[in-house]
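See below for the structure under consideration.
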Amino acid sequence: MTDLPKNTGAHTSAKLWGGRFAGGVEAALHQFQASLPFDARMWREDITASIAHARMLGATGIITAEDADGLIAGLQALLAAWEPDGPEIDAQEDIHSKVEAALRAALGPLAGKLHTARSRNDQVATDFRLYLRNGCDQLDAALQEAQRALLACAETHLDVVMPGFTHLQHAQPVLAAHHLLAYVWMLARDRERVADARRRINRLPLGAAALAGTQFPIDRAMVARELGFAGVLENSLDAVADRDFAVEFLAACSLTMVHLSRLCEEIILWASQEFAWIELPEGYCTGSSIMPQKKNPDGAELIRGKSGRVFGDLLGLLTALKGLPLAYNKDLQEDKEAAFDALDTTLACLRITAGMLRGITFRRDRTLAALAGEMSAATEIADYLAAKGLPFRDAHHLSGEIVRYAESRGKGLADLSPAELRRFSPLIGDDLPLRLTPQAVVAAKTSHGGTAPERVREQLARARAEVG
Ligand code: ARG
C-alpha cells in the first residue's frame, strides 16, 4: 500500500466536501444545485465505474487487495439492492454522493477509500460517457426498427404510383415505395452519425482526477479495458472540461428528429381529406371531444412538435459550453438533462413512428385519382422530343405549349390523342400517348436510384441488406 493522503478518516459531515465548511449550505441553494433527481438514472454506470476504479486501486497497490475486495463486494451488493429501479431520491447532492453514502452505511470508513485518486469531475464525465454509449446503442436499435417498418410499408405498397412533388406542386409521378425508401436512407445516415458519435464518446476520462491528474500510480488503461472504452483521453483538462461528445450526440438526435418531423408532416398531409392517400391506424389517432367525425393524427403531429425541444436541448448545451474557462465548472451539470431529454424524446418518437408505419395503408384509388388528368408527364414529352434530336430547350418549350393546349381543353396530357399531339411536332409518333400514363412515366425512370419498379426492387434489396 502506497501513502494515502492524511486525514482519511470517516466523514464527519454528510456532505462529500463538508470539512472546509463551518456551517451548512442554504436549503434553497442545496435544492437548486442538487442533480440527484435527474442524474440518479446513471446509478448503474456510477457503480460499475467505481468497481473498475476499486479493482485498479487494488491491482496497483494504492489500496490493499483486501480493501479493494471489500469495496467491490459492497458496490456489487448495492448494484443488486437497487435493481431494477435505482436508488431512492433523497436529499443527497448527486448520484456520486448517493452511492458513496450508501456504501458508507454498509461498509463504514472503508467506503472513504474509494475516492482515492479520483474526483467527481472525472467520475461524472465517465458515468455520462458510459450512459450515452448505451444511449447510442438504444438509438441504433430504435432507428433500425423504424427502418424496418418503412421497408415493410414500402414492400406492401410496391404497386402504388403517386404524384411526386417539388414546391408542393405535382412534379413527376413516383412509386410510394420509392418515396418511403428515401427515409430509410436518411435513417441509415442517422445510424452512421450515432455510431460516429459513439466512437468519440468511448474514451475514458477517469484518472484525470479534478483537473490535473494525480500523484497516485494509477493504471488508466486497465480501467479503460474493464469498462470497455477504446482508450483513454490524453489530456486531464480536456477529459473533465469538454462535453463535445454530448453535443455530437444531441446533433445526431436533432437530425434524426428533422427526418422524423418531415416524414410525419407528409403523413399528416396524406391523411388529410384533401389528399386522403393513406389510412392511418386508429390506434395512432385520437378523436375530438366536440366533432364526432374527427380522426386526428396526433402521434405524427406530436413527433413533428417534439423535434423543437430536441433542437432546444442541442442549442442549450452549445450555449452553456461556449464561454466556459477550463476545466470543470458547475455549468457542465446542465449537460445531462439536455442529453437525457433528447435521448428519451428521440427514442419515443422513433418507436411511435415505427408503430404508426406498420398500420398505414395507401389508398391506390386516391393516389391514382390524384394523377388523373394531370400534367406531370410534361418532362416525358420533352425527353421524348430530345431523344429524337430536338435540342432539350426547344423540346421543353414545345412540351410547355402542349401543356397549355391540354389545359385549355380541360384534359390531362395522357388524354391527348396522337393526332392532337402531332400538330405540335412531326417528330411525335403514335407511341407517345402510351408513354404518358403515370405507370409508363415511372417505368421509364430506369437510372440508378430512379423510381422505375425494377430499380426500386433492387433498392429495396440493398436497403434490406444494409438495415439488417
Ligand atoms: N453533479 C455534478 C455534475 O453533474 C457532479 C460533479 C460535481 N463536481 C464538482 N466539482 N462540484 O456536474
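Following the order of the C-alpha cells, chains are lettered A, B, ..., residues in each are numbered from 1, and ligands are numbered from 1.
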
- Item | Long-range neighbours of stretch 215-219 of chain A as a list of chain:residue names, 10 Å cut-off, only C-alpha atoms, 5 positions minimum in chain |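 Near neighbours after the sequence-gap exclusion: A:Thr2, A:Asp3, A:Leu4, A:His53, A:Met56, A:Leu57, A:Gly58, A:Ala59, A:Thr60, A:Gly61, A:Ile62, A:Thr116, A:Ala117, A:Arg118, A:Gly207, A:Ala209, A:Ala224.
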
- Query: Residues at most 7 Å from stretch 129-137 of chain A, counting only C-alpha atoms, excluding those fewer than 2 positions away in the same chain, as a list in words?
  - Reply: Met42, Glu45, Ala125, Thr126, Asp127, Leu139, Asp140, Ala141, Val194, Arg198, Ile201, Asn202 and Leu343 of chain A

- Message: What does the list of residues within 10 Å of ligand 1 look like if you count only C-alpha atoms and all ligand atoms, written as a PyMOL selection string?
- Response: chain A and resi 16-17+33-36+38-40+93-97+119-125+127-128+210-211+240+327-337

- Name the closest residue to A:Arg193 among the candidates A:Ala414, A:Ile402, A:Ala149, A:Leu143; distances are taken between atoms, counting only C-alpha atoms.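 Among the listed residues, the smallest separation from A:Arg193 belongs to A:Leu143.
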
- Kindly give the distance, in Å, that separates atom CA of A:Ser376 and atom CA of A:Ala171, rounded to a single decimal.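 One can read the atom CA of A:Ser376 to atom CA of A:Ala171 distance as 5.5 Å.
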
With stretch 425-448 of chain A as the partner and 12 Å as the cut-off, tabulate the residues of stretch 148-223 of chain A that qualify, each row holding the nearest pair of atoms and their distance in Å to one decimal, using only C-alpha atoms, sorted by chain and rising number, as JSON lines.
{"residue": "A:Asp159", "atom": "CA", "partner": "A:Gln439", "partner_atom": "CA", "distance": 9.3}
{"residue": "A:Val160", "atom": "CA", "partner": "A:Gln439", "partner_atom": "CA", "distance": 9.4}
{"residue": "A:Val161", "atom": "CA", "partner": "A:Gln439", "partner_atom": "CA", "distance": 7.0}
{"residue": "A:Met162", "atom": "CA", "partner": "A:Pro438", "partner_atom": "CA", "distance": 8.2}
{"residue": "A:Pro163", "atom": "CA", "partner": "A:Pro438", "partner_atom": "CA", "distance": 8.6}
{"residue": "A:Gly164", "atom": "CA", "partner": "A:Val442", "partner_atom": "CA", "distance": 10.4}
{"residue": "A:Ala171", "atom": "CA", "partner": "A:Pro438", "partner_atom": "CA", "distance": 11.6}
{"residue": "A:Gln172", "atom": "CA", "partner": "A:Val441", "partner_atom": "CA", "distance": 8.0}
{"residue": "A:Pro173", "atom": "CA", "partner": "A:Pro438", "partner_atom": "CA", "distance": 6.0}
{"residue": "A:Val174", "atom": "CA", "partner": "A:Val442", "partner_atom": "CA", "distance": 5.9}
{"residue": "A:Leu175", "atom": "CA", "partner": "A:Val442", "partner_atom": "CA", "distance": 7.2}
{"residue": "A:Ala176", "atom": "CA", "partner": "A:Val442", "partner_atom": "CA", "distance": 10.9}
{"residue": "A:Ala177", "atom": "CA", "partner": "A:Val442", "partner_atom": "CA", "distance": 12.0}
{"residue": "A:His178", "atom": "CA", "partner": "A:Val442", "partner_atom": "CA", "distance": 10.5}

Residues as selected, all heavy atoms, written as a short mmCIF file (atom, residue, chain, number, x, y, z; two decimals), in the first residue's frame, can you do that?
data_model
loop_
_atom_site.label_atom_id
_atom_site.label_comp_id
_atom_site.auth_asym_id
_atom_site.auth_seq_id
_atom_site.Cartn_x
_atom_site.Cartn_y
_atom_site.Cartn_z
N ASP A 159 -46.81 -1.41 -55.71
CA ASP A 159 -47.50 -1.05 -56.96
C ASP A 159 -48.18 0.32 -56.89
O ASP A 159 -48.86 0.72 -57.81
CB ASP A 159 -48.55 -2.12 -57.27
CG ASP A 159 -49.54 -2.25 -56.12
OD1 ASP A 159 -49.13 -2.03 -54.95
OD2 ASP A 159 -50.73 -2.55 -56.37
N VAL A 160 -48.01 1.01 -55.80
CA VAL A 160 -48.71 2.30 -55.66
C VAL A 160 -47.90 3.42 -56.34
O VAL A 160 -46.75 3.66 -55.99
CB VAL A 160 -48.93 2.66 -54.18
CG1 VAL A 160 -49.52 4.06 -54.05
CG2 VAL A 160 -49.84 1.64 -53.53
N VAL A 161 -48.53 4.06 -57.33
CA VAL A 161 -47.91 5.21 -58.00
C VAL A 161 -48.60 6.46 -57.46
O VAL A 161 -49.81 6.49 -57.28
CB VAL A 161 -48.13 5.14 -59.53
CG1 VAL A 161 -47.43 6.31 -60.22
CG2 VAL A 161 -47.62 3.82 -60.07
N MET A 162 -47.83 7.48 -57.19
CA MET A 162 -48.43 8.71 -56.68
C MET A 162 -47.68 9.91 -57.24
O MET A 162 -46.56 9.77 -57.74
CB MET A 162 -48.37 8.71 -55.15
CG MET A 162 -46.96 8.76 -54.61
SD MET A 162 -46.92 8.62 -52.80
CE MET A 162 -45.51 9.67 -52.46
N PRO A 163 -48.27 11.09 -57.17
CA PRO A 163 -47.53 12.26 -57.63
C PRO A 163 -46.32 12.50 -56.74
O PRO A 163 -46.41 12.37 -55.52
CB PRO A 163 -48.54 13.41 -57.47
CG PRO A 163 -49.87 12.77 -57.41
CD PRO A 163 -49.66 11.44 -56.76
N GLY A 164 -45.18 12.81 -57.36
CA GLY A 164 -44.04 13.31 -56.60
C GLY A 164 -44.07 14.83 -56.71
O GLY A 164 -44.64 15.36 -57.66
N ALA A 171 -44.98 17.20 -59.56
CA ALA A 171 -43.78 17.32 -60.40
C ALA A 171 -43.69 16.15 -61.37
O ALA A 171 -43.91 16.31 -62.57
CB ALA A 171 -42.55 17.40 -59.51
N GLN A 172 -43.39 14.97 -60.86
CA GLN A 172 -43.37 13.76 -61.68
C GLN A 172 -43.87 12.62 -60.81
O GLN A 172 -43.60 12.59 -59.61
CB GLN A 172 -41.94 13.45 -62.16
CG GLN A 172 -41.38 14.51 -63.08
CD GLN A 172 -39.93 14.26 -63.48
OE1 GLN A 172 -39.29 13.32 -63.02
NE2 GLN A 172 -39.43 15.11 -64.34
N PRO A 173 -44.59 11.67 -61.42
CA PRO A 173 -45.07 10.56 -60.59
C PRO A 173 -43.91 9.70 -60.09
O PRO A 173 -42.89 9.57 -60.76
CB PRO A 173 -45.98 9.77 -61.53
CG PRO A 173 -45.58 10.17 -62.90
CD PRO A 173 -45.00 11.56 -62.82
N VAL A 174 -44.08 9.13 -58.92
CA VAL A 174 -43.09 8.23 -58.33
C VAL A 174 -43.81 7.06 -57.66
O VAL A 174 -45.02 7.13 -57.40
CB VAL A 174 -42.21 8.94 -57.27
CG1 VAL A 174 -41.33 10.00 -57.89
CG2 VAL A 174 -43.07 9.53 -56.16
N LEU A 175 -43.07 6.01 -57.37
CA LEU A 175 -43.65 4.92 -56.58
C LEU A 175 -43.67 5.34 -55.11
O LEU A 175 -42.70 5.93 -54.61
CB LEU A 175 -42.82 3.65 -56.70
CG LEU A 175 -42.86 2.90 -58.03
CD1 LEU A 175 -42.12 1.56 -57.88
CD2 LEU A 175 -44.29 2.65 -58.50
N ALA A 176 -44.77 5.02 -54.42
CA ALA A 176 -44.84 5.30 -52.99
C ALA A 176 -43.68 4.61 -52.27
O ALA A 176 -43.08 5.16 -51.34
CB ALA A 176 -46.18 4.82 -52.43
N ALA A 177 -43.33 3.41 -52.74
CA ALA A 177 -42.22 2.67 -52.12
C ALA A 177 -40.91 3.45 -52.25
O ALA A 177 -40.08 3.47 -51.33
CB ALA A 177 -42.08 1.30 -52.77
N HIS A 178 -40.73 4.09 -53.39
CA HIS A 178 -39.52 4.88 -53.62
C HIS A 178 -39.46 6.04 -52.62
O HIS A 178 -38.41 6.34 -52.05
CB HIS A 178 -39.56 5.42 -55.06
CG HIS A 178 -38.28 6.02 -55.54
ND1 HIS A 178 -37.08 5.35 -55.48
CD2 HIS A 178 -38.00 7.23 -56.10
CE1 HIS A 178 -36.12 6.13 -55.98
NE2 HIS A 178 -36.66 7.28 -56.36
#

Stretch 192-277 of chain A near stretch 291-310 of chain A within 10 Å: what's each residue's closest atom pair and its distance in Å to one decimal, counting only C-alpha atoms, ordered by chain then ascending residue number, as a tab-separated table?
residue	atom	partner	partner_atom	distance
A:Leu250	CA	A:Val310	CA	7.5
A:Ala251	CA	A:Val310	CA	8.9
A:Cys253	CA	A:Val310	CA	7.2
A:Ser254	CA	A:Val310	CA	5.8
A:Leu255	CA	A:Ser307	CA	9.1
A:Thr256	CA	A:Ser307	CA	8.8
A:Met257	CA	A:Ser307	CA	5.1
A:Val258	CA	A:Ser307	CA	6.6
A:His259	CA	A:Ser307	CA	9.3
A:Leu260	CA	A:Ile303	CA	7.1
A:Ser261	CA	A:Arg304	CA	4.2
A:Arg262	CA	A:Arg304	CA	7.4
A:Leu263	CA	A:Ala300	CA	8.5
A:Cys264	CA	A:Ala300	CA	4.9
A:Glu265	CA	A:Arg304	CA	6.8
A:Glu266	CA	A:Ala300	CA	9.2
A:Ile267	CA	A:Ala300	CA	7.1
A:Ile268	CA	A:Pro297	CA	6.3
A:Leu269	CA	A:Pro297	CA	9.7
A:Ala271	CA	A:Pro297	CA	7.7
A:Ser272	CA	A:Pro297	CA	9.0

- Message: What parts of stretch 220-280 of chain A does DSSP call strand (DSSP E)? I'd like the answer as number ranges by chain.
- Response: A: 231-232, 278-279

Save the residues we just selected, all heavy atoms, as a PDB file, in the first residue's frame?
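Listed below is the output, part.pdb:
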ATOM      1  N   GLY A 231     -10.032   3.520 -25.349  1.00  0.00           N
ATOM      2  CA  GLY A 231      -8.754   4.101 -24.946  1.00  0.00           C
ATOM      3  C   GLY A 231      -9.005   5.181 -23.918  1.00  0.00           C
ATOM      4  O   GLY A 231     -10.143   5.368 -23.473  1.00  0.00           O
ATOM      5  N   VAL A 232      -7.935   5.880 -23.527  1.00  0.00           N
ATOM      6  CA  VAL A 232      -8.096   6.933 -22.525  1.00  0.00           C
ATOM      7  C   VAL A 232      -7.968   8.296 -23.198  1.00  0.00           C
ATOM      8  O   VAL A 232      -7.336   8.414 -24.241  1.00  0.00           O
ATOM      9  CB  VAL A 232      -7.039   6.822 -21.398  1.00  0.00           C
ATOM     10  CG1 VAL A 232      -7.072   5.441 -20.770  1.00  0.00           C
ATOM     11  CG2 VAL A 232      -5.646   7.148 -21.921  1.00  0.00           C
ATOM     12  N   ILE A 278     -53.645   8.039 -47.589  1.00  0.00           N
ATOM     13  CA  ILE A 278     -53.373   6.941 -46.651  1.00  0.00           C
ATOM     14  C   ILE A 278     -54.474   6.859 -45.605  1.00  0.00           C
ATOM     15  O   ILE A 278     -55.168   7.834 -45.320  1.00  0.00           O
ATOM     16  CB  ILE A 278     -52.009   7.112 -45.922  1.00  0.00           C
ATOM     17  CG1 ILE A 278     -51.950   8.441 -45.158  1.00  0.00           C
ATOM     18  CG2 ILE A 278     -50.845   6.974 -46.860  1.00  0.00           C
ATOM     19  CD1 ILE A 278     -50.734   8.562 -44.244  1.00  0.00           C
ATOM     20  N   GLU A 279     -54.595   5.663 -45.076  1.00  0.00           N
ATOM     21  CA  GLU A 279     -55.460   5.434 -43.918  1.00  0.00           C
ATOM     22  C   GLU A 279     -54.519   5.194 -42.743  1.00  0.00           C
ATOM     23  O   GLU A 279     -53.637   4.322 -42.813  1.00  0.00           O
ATOM     24  CB  GLU A 279     -56.318   4.197 -44.216  1.00  0.00           C
ATOM     25  CG  GLU A 279     -57.548   4.045 -43.365  1.00  0.00           C
ATOM     26  CD  GLU A 279     -58.560   5.179 -43.540  1.00  0.00           C
ATOM     27  OE1 GLU A 279     -59.026   5.406 -44.672  1.00  0.00           O
ATOM     28  OE2 GLU A 279     -58.844   5.833 -42.515  1.00  0.00           O
TER      29      GLU A 279
END
